[in-house]
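Student: Structure file query-v2.tsv (TSV, C-alpha atoms) right here:
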chain	number	residue	atom	x	y	z
B	1	MET	CA	-156.12	-42.52	-242.00
B	2	VAL	CA	-156.99	-39.35	-240.14
B	3	GLN	CA	-158.15	-36.61	-242.50
B	4	LYS	CA	-156.28	-33.36	-241.94
B	5	ASN	CA	-158.21	-30.29	-240.92
B	6	VAL	CA	-159.05	-28.13	-243.92
B	7	ARG	CA	-157.73	-24.62	-243.47
B	8	ILE	CA	-158.88	-21.38	-245.06
B	9	GLN	CA	-155.61	-21.41	-247.01
B	10	ASP	CA	-156.71	-24.70	-248.65
B	11	VAL	CA	-159.97	-23.12	-249.75
B	12	ALA	CA	-158.13	-20.10	-251.15
B	13	GLN	CA	-155.78	-22.34	-253.13
B	14	ALA	CA	-158.68	-24.40	-254.51
B	15	ALA	CA	-160.56	-21.28	-255.56
B	16	GLY	CA	-157.50	-19.49	-256.88
B	17	VAL	CA	-158.05	-16.47	-254.64
B	18	SER	CA	-156.48	-14.95	-251.53
B	19	THR	CA	-157.42	-15.92	-247.97
B	20	ALA	CA	-158.80	-12.40	-247.55
B	21	THR	CA	-161.22	-13.03	-250.42
B	22	VAL	CA	-162.41	-16.26	-248.76
B	23	SER	CA	-162.98	-14.40	-245.50
B	24	ARG	CA	-164.86	-11.70	-247.36
B	25	ALA	CA	-167.05	-14.32	-249.07
B	26	LEU	CA	-168.01	-15.67	-245.65
B	27	SER	CA	-168.62	-12.34	-243.94
B	28	ASN	CA	-169.59	-9.88	-246.70
B	29	PRO	CA	-170.35	-11.86	-249.89
B	30	GLU	CA	-172.17	-8.92	-251.45
B	31	LEU	CA	-168.79	-7.18	-251.83
B	32	LEU	CA	-167.61	-9.84	-254.30
B	33	THR	CA	-168.60	-10.44	-257.88
B	34	GLU	CA	-171.03	-13.30	-258.44
B	35	LYS	CA	-168.34	-15.29	-260.27
B	36	THR	CA	-165.82	-14.95	-257.43
B	37	ARG	CA	-168.44	-15.70	-254.80
B	38	GLU	CA	-169.57	-18.88	-256.57
B	39	SER	CA	-165.95	-19.98	-257.02
B	40	VAL	CA	-165.23	-19.59	-253.30
B	41	PHE	CA	-168.38	-21.42	-252.19
B	42	ALA	CA	-167.65	-24.24	-254.66
B	43	ALA	CA	-164.16	-24.56	-253.16
B	44	ILE	CA	-165.64	-24.63	-249.65
B	45	ARG	CA	-167.92	-27.49	-250.63
B	46	SER	CA	-165.24	-29.46	-252.46
B	47	THR	CA	-162.65	-29.16	-249.66
B	48	GLY	CA	-165.11	-29.77	-246.84
B	49	TYR	CA	-164.02	-26.61	-245.06
B	50	ARG	CA	-166.01	-25.82	-241.92
B	51	VAL	CA	-166.09	-22.47	-240.19
B	52	ASN	CA	-165.28	-22.51	-236.47
B	53	ARG	CA	-168.53	-20.82	-235.52
B	54	THR	CA	-167.71	-20.39	-231.86
B	55	ALA	CA	-164.41	-18.65	-232.54
B	56	ARG	CA	-165.93	-16.55	-235.29
B	57	ASN	CA	-168.87	-15.47	-233.19
B	58	LEU	CA	-166.65	-14.53	-230.25
B	59	ARG	CA	-164.41	-12.56	-232.55
B	60	THR	CA	-167.23	-10.72	-234.32
B	61	ARG	CA	-169.55	-10.56	-231.28
B	62	GLN	CA	-172.33	-12.10	-233.32
B	63	ALA	CA	-174.70	-14.97	-232.61
B	64	GLY	CA	-174.41	-16.41	-236.12
B	65	ALA	CA	-178.18	-16.84	-236.46
B	66	VAL	CA	-181.27	-15.02	-237.74
B	67	LEU	CA	-184.87	-15.56	-236.70
B	68	VAL	CA	-187.75	-15.83	-239.20
B	69	LEU	CA	-191.22	-15.16	-237.78
B	70	VAL	CA	-194.05	-16.91	-239.65
B	71	PRO	CA	-197.75	-16.26	-238.86
B	72	ASN	CA	-198.77	-19.86	-239.61
B	73	LEU	CA	-196.25	-22.61	-240.29
B	74	GLY	CA	-199.06	-24.87	-241.46
B	75	ASN	CA	-199.77	-22.62	-244.45
B	76	PRO	CA	-197.98	-23.95	-247.58
B	77	PHE	CA	-197.74	-20.40	-248.94
B	78	PHE	CA	-194.68	-19.69	-246.81
B	79	SER	CA	-192.59	-22.66	-247.99
B	80	ARG	CA	-191.01	-20.95	-251.01
B	81	ILE	CA	-190.30	-17.76	-249.06
B	82	LEU	CA	-188.54	-19.77	-246.37
B	83	ALA	CA	-186.56	-21.62	-249.06
B	84	GLY	CA	-185.36	-18.32	-250.52
B	85	ILE	CA	-184.39	-16.99	-247.10
B	86	SER	CA	-182.53	-20.18	-246.18
B	87	GLU	CA	-180.70	-20.23	-249.50
B	88	ARG	CA	-179.47	-16.65	-249.19
B	89	ILE	CA	-178.72	-16.75	-245.45
B	90	GLY	CA	-176.97	-20.12	-245.79
B	91	ASP	CA	-174.54	-18.63	-248.30
B	92	CYS	CA	-173.27	-16.39	-245.48
B	93	ASP	CA	-172.96	-19.20	-242.93
B	94	TYR	CA	-175.71	-18.01	-240.62
B	95	SER	CA	-178.14	-20.43	-239.03
B	96	VAL	CA	-181.85	-19.87	-239.63
B	97	LEU	CA	-184.28	-20.18	-236.73
B	98	ILE	CA	-188.03	-20.29	-237.45
B	99	ALA	CA	-190.83	-19.43	-235.03
B	100	ASP	CA	-194.60	-19.43	-235.47
B	101	THR	CA	-195.98	-16.13	-234.16
B	102	LYS	CA	-199.22	-17.85	-233.15
B	103	VAL	CA	-197.24	-20.04	-230.77
B	104	GLN	CA	-194.81	-17.28	-229.84
B	105	THR	CA	-197.52	-14.99	-228.49
B	106	THR	CA	-198.57	-17.64	-225.96
B	107	SER	CA	-195.07	-18.70	-224.87
B	108	GLY	CA	-194.43	-15.69	-222.64
B	109	LYS	CA	-191.09	-14.94	-224.31
B	110	LYS	CA	-190.71	-11.43	-225.71
B	111	LEU	CA	-189.41	-11.15	-229.24
B	112	VAL	CA	-186.81	-8.57	-228.23
B	113	ASP	CA	-185.35	-11.14	-225.82
B	114	TYR	CA	-183.92	-13.06	-228.76
B	115	PHE	CA	-181.67	-10.06	-229.34
B	116	LEU	CA	-181.02	-9.25	-225.69
B	117	ASP	CA	-180.08	-12.87	-224.93
B	118	ALA	CA	-177.62	-12.81	-227.87
B	119	GLN	CA	-179.45	-15.66	-229.63
B	120	ILE	CA	-179.83	-13.88	-232.99
B	121	ASP	CA	-178.21	-11.14	-235.04
B	122	GLY	CA	-181.28	-10.20	-237.04
B	123	MET	CA	-184.93	-10.96	-237.73
B	124	ILE	CA	-187.15	-11.37	-240.81
B	125	CYS	CA	-190.83	-11.01	-240.01
B	126	LEU	CA	-193.51	-12.43	-242.30
B	127	ASP	CA	-196.31	-11.33	-239.97
B	128	GLY	CA	-197.76	-7.84	-240.39
B	129	SER	CA	-199.85	-8.06	-237.22
B	130	LEU	CA	-197.03	-7.68	-234.69
B	131	PRO	CA	-198.30	-5.71	-231.66
B	132	ASP	CA	-197.15	-2.11	-231.24
B	133	GLU	CA	-195.61	-3.19	-227.94
B	134	ASP	CA	-193.11	-5.43	-229.74
B	135	LEU	CA	-192.22	-2.72	-232.25
B	136	GLN	CA	-191.67	-0.22	-229.43
B	137	GLN	CA	-189.43	-2.68	-227.57
B	138	PHE	CA	-187.31	-3.11	-230.70
B	139	GLU	CA	-186.97	0.67	-230.92
B	140	ASP	CA	-186.24	1.14	-227.21
B	141	ASN	CA	-183.48	-1.50	-227.26
B	142	GLY	CA	-181.82	-0.26	-230.44
B	143	VAL	CA	-182.41	-3.34	-232.58
B	144	SER	CA	-184.90	-1.93	-235.11
B	145	GLY	CA	-182.09	-1.64	-237.65
B	146	LYS	CA	-181.74	-5.42	-237.61
B	147	ILE	CA	-185.31	-6.26	-238.61
B	148	VAL	CA	-186.86	-6.64	-242.07
B	149	PHE	CA	-190.47	-7.38	-243.00
B	150	ALA	CA	-191.20	-9.76	-245.88
B	151	CYS	CA	-194.51	-10.34	-247.68
B	152	GLU	CA	-196.48	-8.57	-244.95
B	153	TRP	CA	-195.65	-5.32	-243.19
B	154	VAL	CA	-196.94	-2.88	-240.56
B	155	HIS	CA	-198.51	0.26	-242.00
B	156	HIS	CA	-197.20	2.76	-239.46
B	157	SER	CA	-193.75	1.20	-239.08
B	158	LYS	CA	-190.65	2.59	-240.77
B	159	LEU	CA	-188.94	-0.81	-240.79
B	160	PRO	CA	-187.82	-1.91	-244.27
B	161	SER	CA	-189.97	-4.41	-246.13
B	162	VAL	CA	-190.01	-6.59	-249.23
B	163	ARG	CA	-193.47	-7.20	-250.67
B	164	SER	CA	-195.32	-8.28	-253.81
B	165	ASP	CA	-197.24	-5.75	-255.88
B	166	ASN	CA	-200.56	-6.79	-254.36
B	167	GLY	CA	-202.57	-3.94	-255.87
B	168	GLU	CA	-201.39	-4.74	-259.38
B	169	GLY	CA	-202.17	-8.42	-258.83
B	170	ALA	CA	-205.77	-7.58	-257.93
B	171	ARG	CA	-206.08	-5.31	-260.95
B	172	LEU	CA	-204.79	-8.09	-263.21
B	173	ALA	CA	-207.34	-10.55	-261.79
B	174	VAL	CA	-210.34	-8.25	-262.28
B	175	ARG	CA	-209.15	-7.18	-265.74
B	176	HIS	CA	-208.79	-10.82	-266.82
B	177	LEU	CA	-212.34	-11.64	-265.73
B	178	TYR	CA	-213.62	-8.50	-267.45
B	179	ASP	CA	-211.85	-9.47	-270.68
B	180	LEU	CA	-213.60	-12.85	-270.47
B	181	GLY	CA	-216.93	-11.01	-270.52
B	182	HIS	CA	-217.73	-11.02	-266.80
B	183	ARG	CA	-219.41	-7.98	-265.27
B	184	LYS	CA	-220.85	-9.55	-262.10
B	185	ILE	CA	-217.59	-10.13	-260.20
B	186	ALA	CA	-217.52	-10.93	-256.48
B	187	HIS	CA	-214.49	-10.69	-254.19
B	188	ILE	CA	-213.62	-12.78	-251.14
B	189	THR	CA	-211.22	-10.82	-248.94
B	190	GLY	CA	-208.59	-11.79	-246.40
B	191	PRO	CA	-208.76	-10.95	-242.66
B	192	GLU	CA	-210.04	-7.44	-242.03
B	193	ASP	CA	-206.94	-6.32	-240.09
B	194	ASN	CA	-204.40	-7.69	-242.59
B	195	VAL	CA	-202.35	-5.35	-244.82
B	196	LEU	CA	-202.58	-7.74	-247.78
B	197	THR	CA	-206.37	-7.69	-247.53
B	198	HIS	CA	-206.44	-3.91	-247.84
B	199	ALA	CA	-203.88	-3.76	-250.65
B	200	ARG	CA	-205.70	-6.36	-252.75
B	201	ARG	CA	-209.15	-4.97	-252.06
B	202	GLU	CA	-207.98	-1.47	-252.98
B	203	GLY	CA	-206.52	-2.74	-256.26
B	204	MET	CA	-209.75	-4.61	-256.98
B	205	LEU	CA	-211.86	-1.49	-256.34
B	206	GLN	CA	-209.56	0.68	-258.46
B	207	GLU	CA	-209.88	-1.65	-261.43
B	208	ARG	CA	-213.65	-1.90	-261.00
B	209	ALA	CA	-213.89	1.89	-261.10
B	210	ARG	CA	-211.66	2.11	-264.16
B	211	LEU	CA	-213.75	-0.46	-266.01
B	212	GLY	CA	-217.07	0.98	-264.84
B	213	LEU	CA	-218.10	-2.20	-263.02
B	214	PRO	CA	-220.83	-2.02	-260.37
B	215	VAL	CA	-219.88	-2.42	-256.71
B	216	ARG	CA	-222.30	-4.40	-254.57
B	217	ASP	CA	-221.69	-4.82	-250.85
B	218	ASP	CA	-223.10	-8.35	-250.83
B	219	TRP	CA	-220.57	-9.36	-253.48
B	220	ILE	CA	-217.61	-8.38	-251.28
B	221	ILE	CA	-217.40	-11.24	-248.78
B	222	ARG	CA	-215.07	-11.27	-245.81
B	223	GLY	CA	-212.69	-14.23	-245.54
B	224	ASP	CA	-209.40	-15.01	-243.82
B	225	PHE	CA	-207.20	-16.64	-246.50
B	226	SER	CA	-208.32	-20.14	-245.34
B	227	LEU	CA	-210.08	-23.08	-246.96
B	228	GLU	CA	-212.88	-22.74	-244.43
B	229	SER	CA	-213.57	-19.12	-245.34
B	230	GLY	CA	-213.82	-20.20	-248.98
B	231	ARG	CA	-216.37	-22.81	-248.00
B	232	MET	CA	-218.41	-20.31	-246.02
B	233	ALA	CA	-218.27	-17.77	-248.86
B	234	ALA	CA	-219.57	-20.43	-251.26
B	235	GLN	CA	-222.56	-21.02	-249.00
B	236	ARG	CA	-223.35	-17.30	-249.06
B	237	ILE	CA	-223.11	-17.23	-252.85
B	238	LEU	CA	-225.33	-20.31	-253.17
B	239	ALA	CA	-227.99	-18.53	-251.11
B	240	MET	CA	-228.00	-15.40	-253.30
B	241	GLU	CA	-230.95	-14.68	-255.57
B	242	GLU	CA	-228.60	-13.08	-258.08
B	243	ARG	CA	-225.26	-14.82	-258.11
B	244	PRO	CA	-222.02	-13.38	-259.50
B	245	THR	CA	-220.66	-15.03	-262.62
B	246	ALA	CA	-217.05	-14.80	-261.39
B	247	VAL	CA	-215.20	-14.58	-258.08
B	248	PHE	CA	-211.77	-13.12	-257.35
B	249	CYS	CA	-210.36	-14.72	-254.19
B	250	ALA	CA	-207.71	-13.05	-252.03
B	251	SER	CA	-205.79	-16.34	-251.76
B	252	ASP	CA	-205.56	-19.72	-253.46
B	253	GLN	CA	-206.65	-21.48	-250.26
B	254	VAL	CA	-209.88	-19.47	-250.30
B	255	ALA	CA	-210.37	-20.39	-253.96
B	256	PHE	CA	-209.98	-24.11	-253.22
B	257	GLY	CA	-212.55	-23.97	-250.42
B	258	LEU	CA	-214.91	-22.03	-252.67
B	259	MET	CA	-214.60	-24.32	-255.69
B	260	SER	CA	-214.96	-27.57	-253.75
B	261	THR	CA	-218.14	-26.36	-252.04
B	262	LEU	CA	-219.67	-24.97	-255.23
B	263	THR	CA	-218.94	-28.23	-257.03
B	264	ALA	CA	-220.45	-30.27	-254.18
B	265	HIS	CA	-223.70	-28.32	-254.65
B	266	GLY	CA	-223.85	-28.80	-258.41
B	267	VAL	CA	-222.40	-25.43	-259.44
B	268	ARG	CA	-219.75	-26.00	-262.10
B	269	VAL	CA	-216.42	-24.18	-262.23
B	270	PRO	CA	-215.84	-22.49	-264.63
B	271	GLU	CA	-219.02	-23.19	-266.63
B	272	ASP	CA	-221.35	-21.59	-264.04
B	273	ILE	CA	-218.93	-19.47	-262.00
B	274	SER	CA	-215.34	-18.56	-262.89
B	275	VAL	CA	-212.75	-18.35	-260.11
B	276	VAL	CA	-209.39	-16.56	-259.86
B	277	GLY	CA	-207.04	-16.93	-256.88
B	278	PHE	CA	-203.97	-15.16	-255.57
B	279	ASP	CA	-200.52	-16.63	-254.66
B	280	ASP	CA	-199.97	-19.55	-257.07
B	281	ILE	CA	-199.06	-22.09	-254.41
B	282	GLU	CA	-197.94	-25.49	-255.68
B	283	LEU	CA	-201.39	-27.12	-255.51
B	284	SER	CA	-202.90	-24.50	-257.85
B	285	GLU	CA	-201.52	-26.20	-260.95
B	286	TYR	CA	-202.81	-29.64	-259.92
B	287	TYR	CA	-206.23	-28.78	-258.54
B	288	VAL	CA	-209.22	-29.75	-260.70
B	289	PRO	CA	-209.93	-27.48	-262.40
B	290	ALA	CA	-206.43	-26.00	-262.41
B	291	LEU	CA	-206.60	-22.58	-260.78
B	292	THR	CA	-206.15	-19.34	-262.69
B	293	THR	CA	-204.30	-17.16	-260.19
B	294	ILE	CA	-201.88	-14.32	-259.51
B	295	ARG	CA	-198.35	-15.61	-259.09
B	296	GLN	CA	-196.16	-14.11	-256.40
B	297	ASP	CA	-192.46	-14.81	-256.82
B	298	ARG	CA	-192.19	-16.10	-253.28
B	299	HIS	CA	-188.65	-17.40	-253.73
B	300	ALA	CA	-187.51	-13.94	-254.83
B	301	LEU	CA	-189.32	-12.41	-251.84
B	302	GLY	CA	-187.28	-14.61	-249.52
B	303	ILE	CA	-183.96	-13.95	-251.25
B	304	LYS	CA	-184.48	-10.17	-251.38
B	305	ALA	CA	-185.57	-10.00	-247.74
B	306	ALA	CA	-182.55	-12.03	-246.65
B	307	SER	CA	-180.19	-9.88	-248.72
B	308	LEU	CA	-181.64	-6.73	-247.19
B	309	LEU	CA	-181.23	-8.13	-243.69
B	310	LEU	CA	-177.64	-9.20	-244.37
B	311	ASP	CA	-176.87	-5.63	-245.44
B	312	CYS	CA	-178.24	-4.46	-242.09
B	313	ILE	CA	-176.44	-6.89	-239.79
B	314	ALA	CA	-173.09	-7.28	-241.54
B	315	PRO	CA	-170.18	-5.60	-239.71
B	316	GLY	CA	-170.21	-2.02	-240.95
B	317	GLY	CA	-173.60	-2.68	-242.59
B	318	ALA	CA	-176.49	-0.32	-243.14
B	319	GLY	CA	-178.02	-0.67	-239.67
B	320	GLN	CA	-180.33	2.25	-238.99
B	321	GLN	CA	-179.71	3.51	-242.53
B	322	ALA	CA	-181.68	0.60	-244.03
B	323	PRO	CA	-184.22	1.92	-246.57
B	324	SER	CA	-187.65	2.52	-245.07
B	325	SER	CA	-189.35	2.42	-248.48
B	326	ALA	CA	-190.67	-0.91	-249.66
B	327	VAL	CA	-188.86	-3.15	-252.10
B	328	THR	CA	-191.60	-4.35	-254.47
B	329	VAL	CA	-191.51	-7.67	-256.34
B	330	GLY	CA	-193.63	-7.95	-259.48
B	331	VAL	CA	-196.55	-10.36	-259.94
B	332	GLU	CA	-198.06	-12.06	-263.00
B	333	LEU	CA	-201.34	-13.59	-264.08
B	334	VAL	CA	-201.22	-17.36	-264.59
B	335	VAL	CA	-204.07	-18.48	-266.85
B	336	ARG	CA	-205.37	-22.01	-266.27
B	337	SER	CA	-208.80	-23.66	-266.35
B	338	SER	CA	-210.86	-22.21	-263.50
B	339	ALA	CA	-211.92	-19.06	-265.37
B	340	ALA	CA	-213.68	-19.10	-268.75
B	341	ALA	CA	-215.41	-16.74	-271.14
B	342	LEU	CA	-218.97	-15.92	-270.23
Kindly return the structure encoded in the file as structure tokens.
Tutor:
Amino acid sequence: MVQKNVRIQDVAQAAGVSTATVSRALSNPELLTEKTRESVFAAIRSTGYRVNRTARNLRTRQAGAVLVLVPNLGNPFFSRILAGISERIGDCDYSVLIADTKVQTTSGKKLVDYFLDAQIDGMICLDGSLPDEDLQQFEDNGVSGKIVFACEWVHHSKLPSVRSDNGEGARLAVRHLYDLGHRKIAHITGPEDNVLTHARREGMLQERARLGLPVRDDWIIRGDFSLESGRMAAQRILAMEERPTAVFCASDQVAFGLMSTLTAHGVRVPEDISVVGFDDIELSEYYVPALTTIRQDRHALGIKAASLLLDCIAPGGAGQQAPSSAVTVGVELVVRSSAAAL
């Protein structure tokens, strides 16, 4: 038996709404109540309704896709952000394209070409190190209103962004170590030109000053968010005549590299040196010892960034009126086993 094509009228009947409401759920879901939206999407799934993307895109003059730029697809940190973006974008029947900016910069293709070639309707950028040339090309071609930064951002850009409260996270980490009795606290940073590095270092320095903790240049060690930089930082600490009793790392990956190297050289964590990370990636809970860290709600970052972009690219959406101020997502301290009282 040949299954009949499911029409939008069938979805409307199954959901108990009008066909106009179904259309609105597909094109501008934010205009509906959560209950109505969920009812329509449940009816779409149960009936097997499929949108004719080609016809819709021709009618709306849209590509039906958004591009997500990731600075390193091999970094597990980005997985939950991408899940949040895909979940929110998928609700609106857009396709999600993902590109690694490290590869993109060597491909010869300009980022603005994705817009000019009508391949995408909008872009979410997780890389705060985009060259000024790319940002200027977005501006010159009138597509800046279709771009949102998530997690990272560009300091001098007015493009909207969604970010964690990195400064507060650093303050929480230092305060926790202080409350455990630590006064000799080192910090391993991220890359020098990264906005997250500066935000977390500034928060760390602010909390040190508030608590009256000494600042020593040799206890602020440059890293790059990687396991390898954690390993190299551990070697520097091992060579110190006066070692810190605790280390706040700018990422969980750095903390893992640090702890494994310290342990390999007979320095116990947390008995000899306490360690706090930043991010709360999935491995943090299962590492030995389990990592005390600052949790970013990465799923919420993805959802909020996608929602902001959808507002910008929807027909009649915000466009150039998108807010230039940052949307900030809260962080929290997750206490585990890698930091102990002195």
Student: Could you jot down the CA of Leu309 in chain B to CA of Ala65 in chain B separation for me, Å, one decimal place?
Tutor: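 Going from CA of Leu309 in chain B over to CA of Ala65 in chain B covers 11.7 Å.
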Student: Check the smallest atom-to-atom distance from each of B:Gly257, B:Pro29, B:Pro214, B:Pro270 to Gln235 in chain B using all atoms listed in the file, then report the winner.
Tutor: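 Between B:Gly257, B:Pro29, B:Pro214, B:Pro270, the residue approaching Gln235 in chain B most closely is B:Gly257.
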Student: Could you tell me which of B:Val154, B:Ile221, B:Leu32, B:Ala305 comes closest to Met123 in chain B if we count all atoms listed in the file?
Tutor: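 Closest candidate: B:Ala305.
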Student: Given the choices B:Ser129, B:Thr293, B:Thr21, B:Gln136, which gets closest to Val174 in chain B if the distance is worked out from all atoms listed in the file?
Tutor: B:Thr293
Student: Using all atoms listed in the file, can you tell me which of B:Val335, B:Leu82, B:Ala170, B:Leu180 comes closest to Ser251 in chain B?
Tutor: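 Ranked by minimum distance to Ser251 in chain B, first place goes to B:Ala170.
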Student: Can you work out the spacing between CA of Ser86 in chain B and CA of Asp117 in chain B in Å, to one decimal?
Tutor: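 Result for CA of Ser86 in chain B versus CA of Asp117 in chain B: 22.6 Å, one decimal.
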Student: Quick one, how far is CA of Leu227 in chain B from CA of Ala99 in chain B?
Tutor: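 It comes out at 22.9 Å.
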Student: List as a VMD selection string the protein and nucleic acid residues near Asp121 in chain B, meaning an atom at most 10 Å away when all atoms listed in the file are counted, but skip any in the same chain fewer than 3 places from it.
Tutor: chain B and resid 61 to 67 94 114 to 116 118 143 146 to 147 309 to 310 312 to 314
Student: Write out as a PyMOL selection string which residues come within 9 Å of Gly223 in chain B when counting all atoms listed in the file, dropping same-chain ones fewer than 3 positions away.
Tutor: chain B and resi 188-192+226+228-230+232-233+249-250+254
Student: Mind listing as an MDAnalysis selection string all residues within 8 Å of (-192.9, -18.5, -238.4), counting all atoms listed in the file?
Tutor: chainID B and resid 68:73 98:101 125:126
Student: With N, CA and C atoms as the target, complete range 193-214 of chain B and hand it back as a PDB file, keeping the file's coordinate frame.
Tutor:
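See rebuild-v2.pdb below for the written result:
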ATOM      1  N   ASP B 193    -208.044  -7.107-240.628  1.00  0.00           N
ATOM      2  CA  ASP B 193    -206.940  -6.320-240.090  1.00  0.00           C
ATOM      3  C   ASP B 193    -205.604  -6.626-240.760  1.00  0.00           C
ATOM      4  N   ASN B 194    -205.639  -7.290-241.917  1.00  0.00           N
ATOM      5  CA  ASN B 194    -204.400  -7.690-242.590  1.00  0.00           C
ATOM      6  C   ASN B 194    -204.059  -6.703-243.712  1.00  0.00           C
ATOM      7  N   VAL B 195    -202.771  -6.327-243.810  1.00  0.00           N
ATOM      8  CA  VAL B 195    -202.350  -5.350-244.820  1.00  0.00           C
ATOM      9  C   VAL B 195    -202.541  -5.870-246.235  1.00  0.00           C
ATOM     10  N   LEU B 196    -202.388  -7.178-246.439  1.00  0.00           N
ATOM     11  CA  LEU B 196    -202.580  -7.740-247.780  1.00  0.00           C
ATOM     12  C   LEU B 196    -204.040  -7.633-248.206  1.00  0.00           C
ATOM     13  N   THR B 197    -204.938  -7.828-247.243  1.00  0.00           N
ATOM     14  CA  THR B 197    -206.370  -7.690-247.530  1.00  0.00           C
ATOM     15  C   THR B 197    -206.674  -6.312-248.088  1.00  0.00           C
ATOM     16  N   HIS B 198    -206.160  -5.278-247.428  1.00  0.00           N
ATOM     17  CA  HIS B 198    -206.440  -3.910-247.840  1.00  0.00           C
ATOM     18  C   HIS B 198    -205.804  -3.586-249.188  1.00  0.00           C
ATOM     19  N   ALA B 199    -204.564  -4.051-249.394  1.00  0.00           N
ATOM     20  CA  ALA B 199    -203.880  -3.760-250.650  1.00  0.00           C
ATOM     21  C   ALA B 199    -204.595  -4.416-251.824  1.00  0.00           C
ATOM     22  N   ARG B 200    -205.032  -5.653-251.655  1.00  0.00           N
ATOM     23  CA  ARG B 200    -205.700  -6.360-252.750  1.00  0.00           C
ATOM     24  C   ARG B 200    -207.115  -5.842-252.978  1.00  0.00           C
ATOM     25  N   ARG B 201    -207.805  -5.514-251.900  1.00  0.00           N
ATOM     26  CA  ARG B 201    -209.150  -4.970-252.060  1.00  0.00           C
ATOM     27  C   ARG B 201    -209.095  -3.596-252.742  1.00  0.00           C
ATOM     28  N   GLU B 202    -208.104  -2.787-252.367  1.00  0.00           N
ATOM     29  CA  GLU B 202    -207.980  -1.470-252.980  1.00  0.00           C
ATOM     30  C   GLU B 202    -207.689  -1.590-254.479  1.00  0.00           C
ATOM     31  N   GLY B 203    -206.803  -2.521-254.842  1.00  0.00           N
ATOM     32  CA  GLY B 203    -206.520  -2.740-256.260  1.00  0.00           C
ATOM     33  C   GLY B 203    -207.738  -3.220-257.006  1.00  0.00           C
ATOM     34  N   MET B 204    -208.518  -4.098-256.369  1.00  0.00           N
ATOM     35  CA  MET B 204    -209.750  -4.610-256.980  1.00  0.00           C
ATOM     36  C   MET B 204    -210.749  -3.478-257.219  1.00  0.00           C
ATOM     37  N   LEU B 205    -210.915  -2.598-256.215  1.00  0.00           N
ATOM     38  CA  LEU B 205    -211.860  -1.490-256.340  1.00  0.00           C
ATOM     39  C   LEU B 205    -211.397  -0.476-257.394  1.00  0.00           C
ATOM     40  N   GLN B 206    -210.091  -0.241-257.451  1.00  0.00           N
ATOM     41  CA  GLN B 206    -209.560   0.680-258.460  1.00  0.00           C
ATOM     42  C   GLN B 206    -209.850   0.187-259.876  1.00  0.00           C
ATOM     43  N   GLU B 207    -209.654  -1.104-260.091  1.00  0.00           N
ATOM     44  CA  GLU B 207    -209.880  -1.650-261.430  1.00  0.00           C
ATOM     45  C   GLU B 207    -211.371  -1.685-261.762  1.00  0.00           C
ATOM     46  N   ARG B 208    -212.203  -1.965-260.786  1.00  0.00           N
ATOM     47  CA  ARG B 208    -213.650  -1.900-261.000  1.00  0.00           C
ATOM     48  C   ARG B 208    -214.052  -0.504-261.470  1.00  0.00           C
ATOM     49  N   ALA B 209    -213.541   0.512-260.750  1.00  0.00           N
ATOM     50  CA  ALA B 209    -213.890   1.890-261.100  1.00  0.00           C
ATOM     51  C   ALA B 209    -213.406   2.239-262.496  1.00  0.00           C
ATOM     52  N   ARG B 210    -212.206   1.804-262.839  1.00  0.00           N
ATOM     53  CA  ARG B 210    -211.660   2.110-264.160  1.00  0.00           C
ATOM     54  C   ARG B 210    -212.491   1.481-265.267  1.00  0.00           C
ATOM     55  N   LEU B 211    -212.990   0.265-264.993  1.00  0.00           N
ATOM     56  CA  LEU B 211    -213.750  -0.460-266.010  1.00  0.00           C
ATOM     57  C   LEU B 211    -215.246  -0.159-265.953  1.00  0.00           C
ATOM     58  N   GLY B 212    -215.663   0.639-264.965  1.00  0.00           N
ATOM     59  CA  GLY B 212    -217.070   0.980-264.840  1.00  0.00           C
ATOM     60  C   GLY B 212    -217.933  -0.161-264.340  1.00  0.00           C
ATOM     61  N   LEU B 213    -217.347  -1.066-263.546  1.00  0.00           N
ATOM     62  CA  LEU B 213    -218.100  -2.200-263.020  1.00  0.00           C
ATOM     63  C   LEU B 213    -218.858  -1.801-261.761  1.00  0.00           C
ATOM     64  N   PRO B 214    -220.050  -2.345-261.574  1.00  0.00           N
ATOM     65  CA  PRO B 214    -220.830  -2.020-260.370  1.00  0.00           C
ATOM     66  C   PRO B 214    -220.183  -2.609-259.120  1.00  0.00           C
TER      67      PRO B 214
END
